[in-house]
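Worksheet: one structure, shown below.
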Amino acid sequence: MTRTFRRDDTELTERTASDGDGLDTLLIGIDAGCLPVFERLFDADRIPTIERLCSEGVSAPLESQIPPWTPSAWPSIYTGVNPGKHGVVGFVGYDGYDWHVTSNDDVREHSLWTLLDRHDRSSVVVNAPVTHPPDEFDGAVIPGFLGPEDPPCHPKGLLDEVRDAIGEYRVYPRYTRGDDSLSDDAKIEEYENLVRMRGEAFRYLVDEFRPDFGFVQFQKTDTVFHEFSGEQRHVDSVYEATDEQIGEILEACDPDRVFLVSDHGMGPYDGYEFRINEFLRDEGYLETTTGGKGMPSWTPMRRRLREGEEVDTWEPGAVARAASVAARFGITARRLRKALERIGLAGLARKYAPGGVTRTANEQVDFAESAAYVRARTELGVRINLEGRDPNGVVRQDAYEQLREDLIRRLQAVETPDGEPFFETVAPREQYFHGDKIDATVDIVTIPADFEHTLTEQLGDGDYFGPTEPWNHKLDGVFVATGAGIDEDASLERAHLFDVAPTVMAAMGIPYSDRMDGSVVPVVDPIDPISYSAYDGDDKQRPATDEAVTDRLADLGYMN
């Protein structure tokens with residue numbers, strides 16, 4: 001059979017590797033999907049398509065990585081390597097002590113679709129996180145989460161073509177988190193619309209490009225837990241909408257085999273939030289300041305990103321700079337808020353105060369003067385300000401190991417107000433990361449016990465502990481495989497996030513990269529890896545940061 005595809009606006013015709021009329025392989029991504037969430041929905045008969053995939057095929061927990069958060073874990077899924085190789089650790093990347101929203105140009109390893117391209121296999125990718133700006137390969141991609149609202153797509157002009165074909169297509173909701181002008185039901189309806197857009201766009205592109213491989217990702221299955229505190233009826237609605245789109249994709253695209261995976265799990269939290277930078281300050285490792293831009297975050301950039309603008313990073317405006325100066329004289333946003341709370345005006349202040357003012361008018365970490373600090377809670381670790389690596393490193397190379405050992409011991413001794421260890425693991429980064437980009441990671445990995453607690457990078461007023469949000473990430477996601485070439489009778493206890501890429505490639509008869517950290521899950525025939533040329537993307541420049549995206553990202557509440 002032949003297919004027509006577009007590359008750089010040139011129409012080409014070539015024989016496909018697949019003998020059938022449908023997709024060879026379909027990869028479905030459900031952010032935060034996990035068996036405990038699925039099983040409750042199975043019992044209520046809410047997600048029959050996902051239930052059928054699980055029952056007819058092989059399903060097992062999929063162990064996530066550290067850190068188990070979207071912007072780092074999805075690149076690990078589609079590259080098959082750990083963050084020390086692909087280089088993405090969190091929602092923002094760092095240029096010294098400054099920061100930018102993470103993008104595809106921070107991912108320094110080959111993706112599934114670019115490797116498949118080398119074997120004349122085409123791909124369609126819709127809504128995969130951290131794929132802006134898109135790779136060039138045989139096929140099509142619409143970037144997802146962390147990209148701008150109107151992302152550049154591959155090929156050029158693709159998004160306009162999709163909108164002409166299916167109508168509206170958006171990456172983010174029309175509203176921002178905390179907007180009380182809409183009811184919860186109206187917000188969930190917006191979630192359902194976004195889910196529908198993913199399915200319709202994917203089906204259209206598969207019909208147009210006739211690819212061998214397809215990857216479609218659903219993000220709102222995660223966000224619904226964060227924004228609506230895991231409220232069951234809202235979760236049910238979003239998962240039902242996702243299940244419906246998966247069913248329509250299966251019917252329209254007729255894949256030979258299907259993999260369904262998630263980047264992490266989701267579950268209730270019954271612990272504490274730990275202000276780790278406050279602890280580091282008291283222990284003598286961290287200095288603070290009341291000037292500057294505030295803690296690393298996409299918050300001040302999010303509005304312009306959401307509106308589709310492109311900017312490199314955030315700089316305080318005139319009002320925010322004035323707030324920074326006022327903070328130097330003790331007039332901090334925190335003190336002002338407490339005063340307003342006493343007279344009943346805190347809600348009004350929060351509603352109308354610009355976000356940048358709050359950031360610059362609060363006490364914040366002085367990165368250049370600190371020996372150790374936490375940049376962002378989702379990194380799950382402490383960064384050491386190392387001489388020769390960091391721009392103003394204050395820790396000598398010959399003092400690094402001893403300081404790290406001392407700090408590990410102090411963190412291991414931290415207890416909750418109930419007298420229980422707060423951390424399950426405090427360990428050197430080498431236990432979790434390795435590769436050319438290991439310096440992009442933290443120096444000390446800090447994993448809360450049983451993922452029942454959370455960290456915050458924000459400073460407090462001397463208190464270390466506060467309440468945590470009721471639902472957050474768990475380490476076990478889900479792995480499902482069914483269809484041609486899948487041993488559906490295989491006994492599988494669990495798989496690992498890094499195993500997804502090599503398994504998908506093996507199922508397609510394509511050798512995976514020997515740089516991948518995972519291996520082929522024993523539900524498909526094994527295949528030997530081969531060496532691919534090293535990733536060559538150092539000549540690319542990172543795209544300008546789009547502030548509207550940072551607005552949307554902050555809506556999820558991962559950073560303040």
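Note on naming: chains are A, B, ... as they come in the structure tokens, residues start from 1 per chain, ligands start from 1 in the order shown.
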
### Task
Could you please write out, as a list in words, every residue of segment 402-468 of chain A that DSSP assigns to strand (DSSP E or B)?
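Selection result, strand (DSSP E or B) within segment 402-468 of chain A: Glu415, Pro421, Phe423, Glu424, Thr425, Val426, Ala427, Pro428, Ile444, Val445, Thr446, Ile447, Pro448, Thr454, Leu455, Thr456, Phe465, Gly466 and Pro467 of chain A.
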
#### Entry: Contacts of segment 417-424 of chain A at 8 Å (only C-alpha atoms; same-chain gap of 4+ positions) as a list in words
Leu411, Gln412, Ala413, Thr446, Ile447, Pro448, Ala449, Asp450, His453 and Phe465 of chain A

Restricted to N, CA, C and O atoms, what would the selected residues look like written as a PDB file, in the first residue's frame?
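Final file, again_14.pdb:
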```pdb
ATOM      1  N   LEU A 411      18.844  15.940  56.615  1.00  0.00           N
ATOM      2  CA  LEU A 411      17.528  15.762  56.006  1.00  0.00           C
ATOM      3  C   LEU A 411      16.920  14.411  56.375  1.00  0.00           C
ATOM      4  O   LEU A 411      15.707  14.308  56.562  1.00  0.00           O
ATOM      5  N   GLN A 412      17.756  13.393  56.488  1.00  0.00           N
ATOM      6  CA  GLN A 412      17.243  12.085  56.884  1.00  0.00           C
ATOM      7  C   GLN A 412      16.641  12.120  58.284  1.00  0.00           C
ATOM      8  O   GLN A 412      15.751  11.320  58.594  1.00  0.00           O
ATOM      9  N   ALA A 413      17.076  13.054  59.092  1.00  0.00           N
ATOM     10  CA  ALA A 413      16.594  13.137  60.478  1.00  0.00           C
ATOM     11  C   ALA A 413      15.317  13.964  60.617  1.00  0.00           C
ATOM     12  O   ALA A 413      14.742  14.027  61.715  1.00  0.00           O
ATOM     13  N   THR A 446      15.445  13.957  47.272  1.00  0.00           N
ATOM     14  CA  THR A 446      14.656  13.914  48.507  1.00  0.00           C
ATOM     15  C   THR A 446      13.256  13.409  48.177  1.00  0.00           C
ATOM     16  O   THR A 446      12.468  14.114  47.545  1.00  0.00           O
ATOM     17  N   ILE A 447      12.939  12.200  48.584  1.00  0.00           N
ATOM     18  CA  ILE A 447      11.661  11.570  48.259  1.00  0.00           C
ATOM     19  C   ILE A 447      10.819  11.455  49.523  1.00  0.00           C
ATOM     20  O   ILE A 447      11.176  10.755  50.469  1.00  0.00           O
ATOM     21  N   PRO A 448       9.676  12.139  49.584  1.00  0.00           N
ATOM     22  CA  PRO A 448       8.819  12.049  50.775  1.00  0.00           C
ATOM     23  C   PRO A 448       8.308  10.622  50.998  1.00  0.00           C
ATOM     24  O   PRO A 448       8.096   9.859  50.045  1.00  0.00           O
ATOM     25  N   ALA A 449       8.105  10.264  52.250  1.00  0.00           N
ATOM     26  CA  ALA A 449       7.692   8.909  52.617  1.00  0.00           C
ATOM     27  C   ALA A 449       6.359   8.549  51.970  1.00  0.00           C
ATOM     28  O   ALA A 449       5.360   9.260  52.135  1.00  0.00           O
ATOM     29  N   ASP A 450       6.370   7.444  51.219  1.00  0.00           N
ATOM     30  CA  ASP A 450       5.154   6.875  50.618  1.00  0.00           C
ATOM     31  C   ASP A 450       4.409   7.848  49.706  1.00  0.00           C
ATOM     32  O   ASP A 450       3.241   7.639  49.398  1.00  0.00           O
ATOM     33  N   HIS A 453       3.476  13.071  51.407  1.00  0.00           N
ATOM     34  CA  HIS A 453       3.837  14.434  51.766  1.00  0.00           C
ATOM     35  C   HIS A 453       4.303  15.177  50.509  1.00  0.00           C
ATOM     36  O   HIS A 453       4.651  14.561  49.503  1.00  0.00           O
ATOM     37  N   PHE A 465       6.121  23.057  58.656  1.00  0.00           N
ATOM     38  CA  PHE A 465       5.076  22.167  58.155  1.00  0.00           C
ATOM     39  C   PHE A 465       3.734  22.872  58.040  1.00  0.00           C
ATOM     40  O   PHE A 465       3.387  23.735  58.844  1.00  0.00           O
TER      41      PHE A 465
END
```

### Task
Quick one: everything within 6 Å of segment 367-384 of chain A, counting only C-alpha atoms, minus sequence neighbours fewer than 6 positions away in the same chain. Send it as a count of residues only.
14

### Message
According to DSSP computed on the backbone, where in segment 366-425 of chain A is there helix (DSSP H, G or I)? Give the residues as a ChimeraX atom specification.
### Response
/A:367-369,377-379,397-412

### Query
Which one of A:Glu244, A:Asp212, A:Asp180, A:Asp282 sits closest to Val124 of chain A if you count only C-alpha atoms?
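Under the stated criterion, the closest residue is A:Asp212.
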
### Query
Which polymer residues have any atom within 10 Å of an atom of segment 191-197 of chain A, counting only C-alpha atoms, with same-chain residues fewer than 2 positions away left out, as an MDAnalysis selection string?
chainID A and resid 127 163 166:174 185:189 199:203 217:221 223:224 234 237:246

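Residues within 7 Å of Val520 of chain A, counting only C-alpha atoms and excluding same-chain residues fewer than 2 positions away, are Asp499, Pro502, Thr503, Ala506, Pro522 and Pro526 of chain A.
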
### Query
From the list A:Glu136, A:Glu56, A:Asp106, A:Glu63, which residue is nearest Ala495 of chain A when using only C-alpha atoms?
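Closest candidate: A:Glu63.
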
### Message
I'd like the interatomic distance between atom CA of Val480 of chain A and atom CA of Gly87 of chain A, to a tenth of an Å.
### Response
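Interatomic distance, atom CA of Val480 of chain A to atom CA of Gly87 of chain A: 27.1 Å.
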
### Task
Check the smallest atom-to-atom distance from each of A:Ser262, A:Thr290, A:Ser55, A:Gln458 to Ser76 of chain A using only C-alpha atoms, then report the winner.
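Among A:Ser262, A:Thr290, A:Ser55, A:Gln458, it is A:Ser262 that comes nearest to Ser76 of chain A.
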
### Message
Excluding His496 of chain A and its own-chain neighbours fewer than 2 positions away, which residues fall within 9 Å of it when counting only C-alpha atoms? Please give them as a list of chain:residue names.
### Response
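Everything that qualifies: A:Pro61, A:Leu62, A:Glu63, A:Ser64, A:Gln65, A:Phe479, A:Arg494, A:Phe498, A:Asp499, A:Val500, A:Gly518, A:Ser519, A:Val521.
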
Grab the residues selected above and save them as a CSV table (one decimal), in the first residue's frame with N, CA and C atoms.
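After the write, part_35.csv holds the following:
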```csv
chain,number,residue,atom,x,y,z
A,61,PRO,N,1.3,-2.3,36.8
A,61,PRO,CA,1.8,-1.0,37.2
A,61,PRO,C,3.0,-0.6,36.4
A,62,LEU,N,3.1,0.6,36.1
A,62,LEU,CA,4.3,1.2,35.4
A,62,LEU,C,5.0,2.1,36.4
A,63,GLU,N,6.2,1.7,36.9
A,63,GLU,CA,6.9,2.5,37.8
A,63,GLU,C,7.4,3.7,37.2
A,64,SER,N,7.2,4.9,37.8
A,64,SER,CA,7.7,6.1,37.2
A,64,SER,C,9.1,6.4,37.7
A,65,GLN,N,9.6,7.5,37.3
A,65,GLN,CA,11.0,7.9,37.6
A,65,GLN,C,10.9,8.9,38.8
A,479,PHE,N,0.7,0.4,32.6
A,479,PHE,CA,1.2,-0.1,31.4
A,479,PHE,C,0.2,-1.2,30.8
A,494,ARG,N,5.3,-5.9,36.8
A,494,ARG,CA,5.4,-4.4,36.6
A,494,ARG,C,6.4,-4.1,35.5
A,498,PHE,N,11.1,3.7,31.7
A,498,PHE,CA,12.1,3.7,30.6
A,498,PHE,C,11.9,2.6,29.7
A,499,ASP,N,11.1,1.6,30.0
A,499,ASP,CA,10.9,0.4,29.1
A,499,ASP,C,9.9,0.7,28.0
A,500,VAL,N,9.2,1.8,28.0
A,500,VAL,CA,8.1,2.0,27.0
A,500,VAL,C,8.7,2.2,25.6
A,518,GLY,N,16.0,1.7,29.5
A,518,GLY,CA,15.0,0.6,29.7
A,518,GLY,C,15.3,-0.6,28.9
A,519,SER,N,14.5,-1.6,28.9
A,519,SER,CA,14.6,-2.8,28.2
A,519,SER,C,13.2,-3.2,27.6
A,521,VAL,N,9.9,-4.9,27.4
A,521,VAL,CA,9.0,-5.6,28.4
A,521,VAL,C,8.7,-7.0,27.7
```

### Task
Fewer than 6 positions away in the same chain doesn't count, so skip those; otherwise give me all residues within 12 Å of Thr131 of chain A, counting only C-alpha atoms, as JSON, numbers by chain.
{"A": [71, 72, 74, 75, 78, 79, 102, 103, 104, 105, 106, 107, 108, 110, 111, 112, 113, 125, 140, 141, 142, 143, 144, 145, 146, 147, 148, 151, 152, 153, 154, 217, 543]}
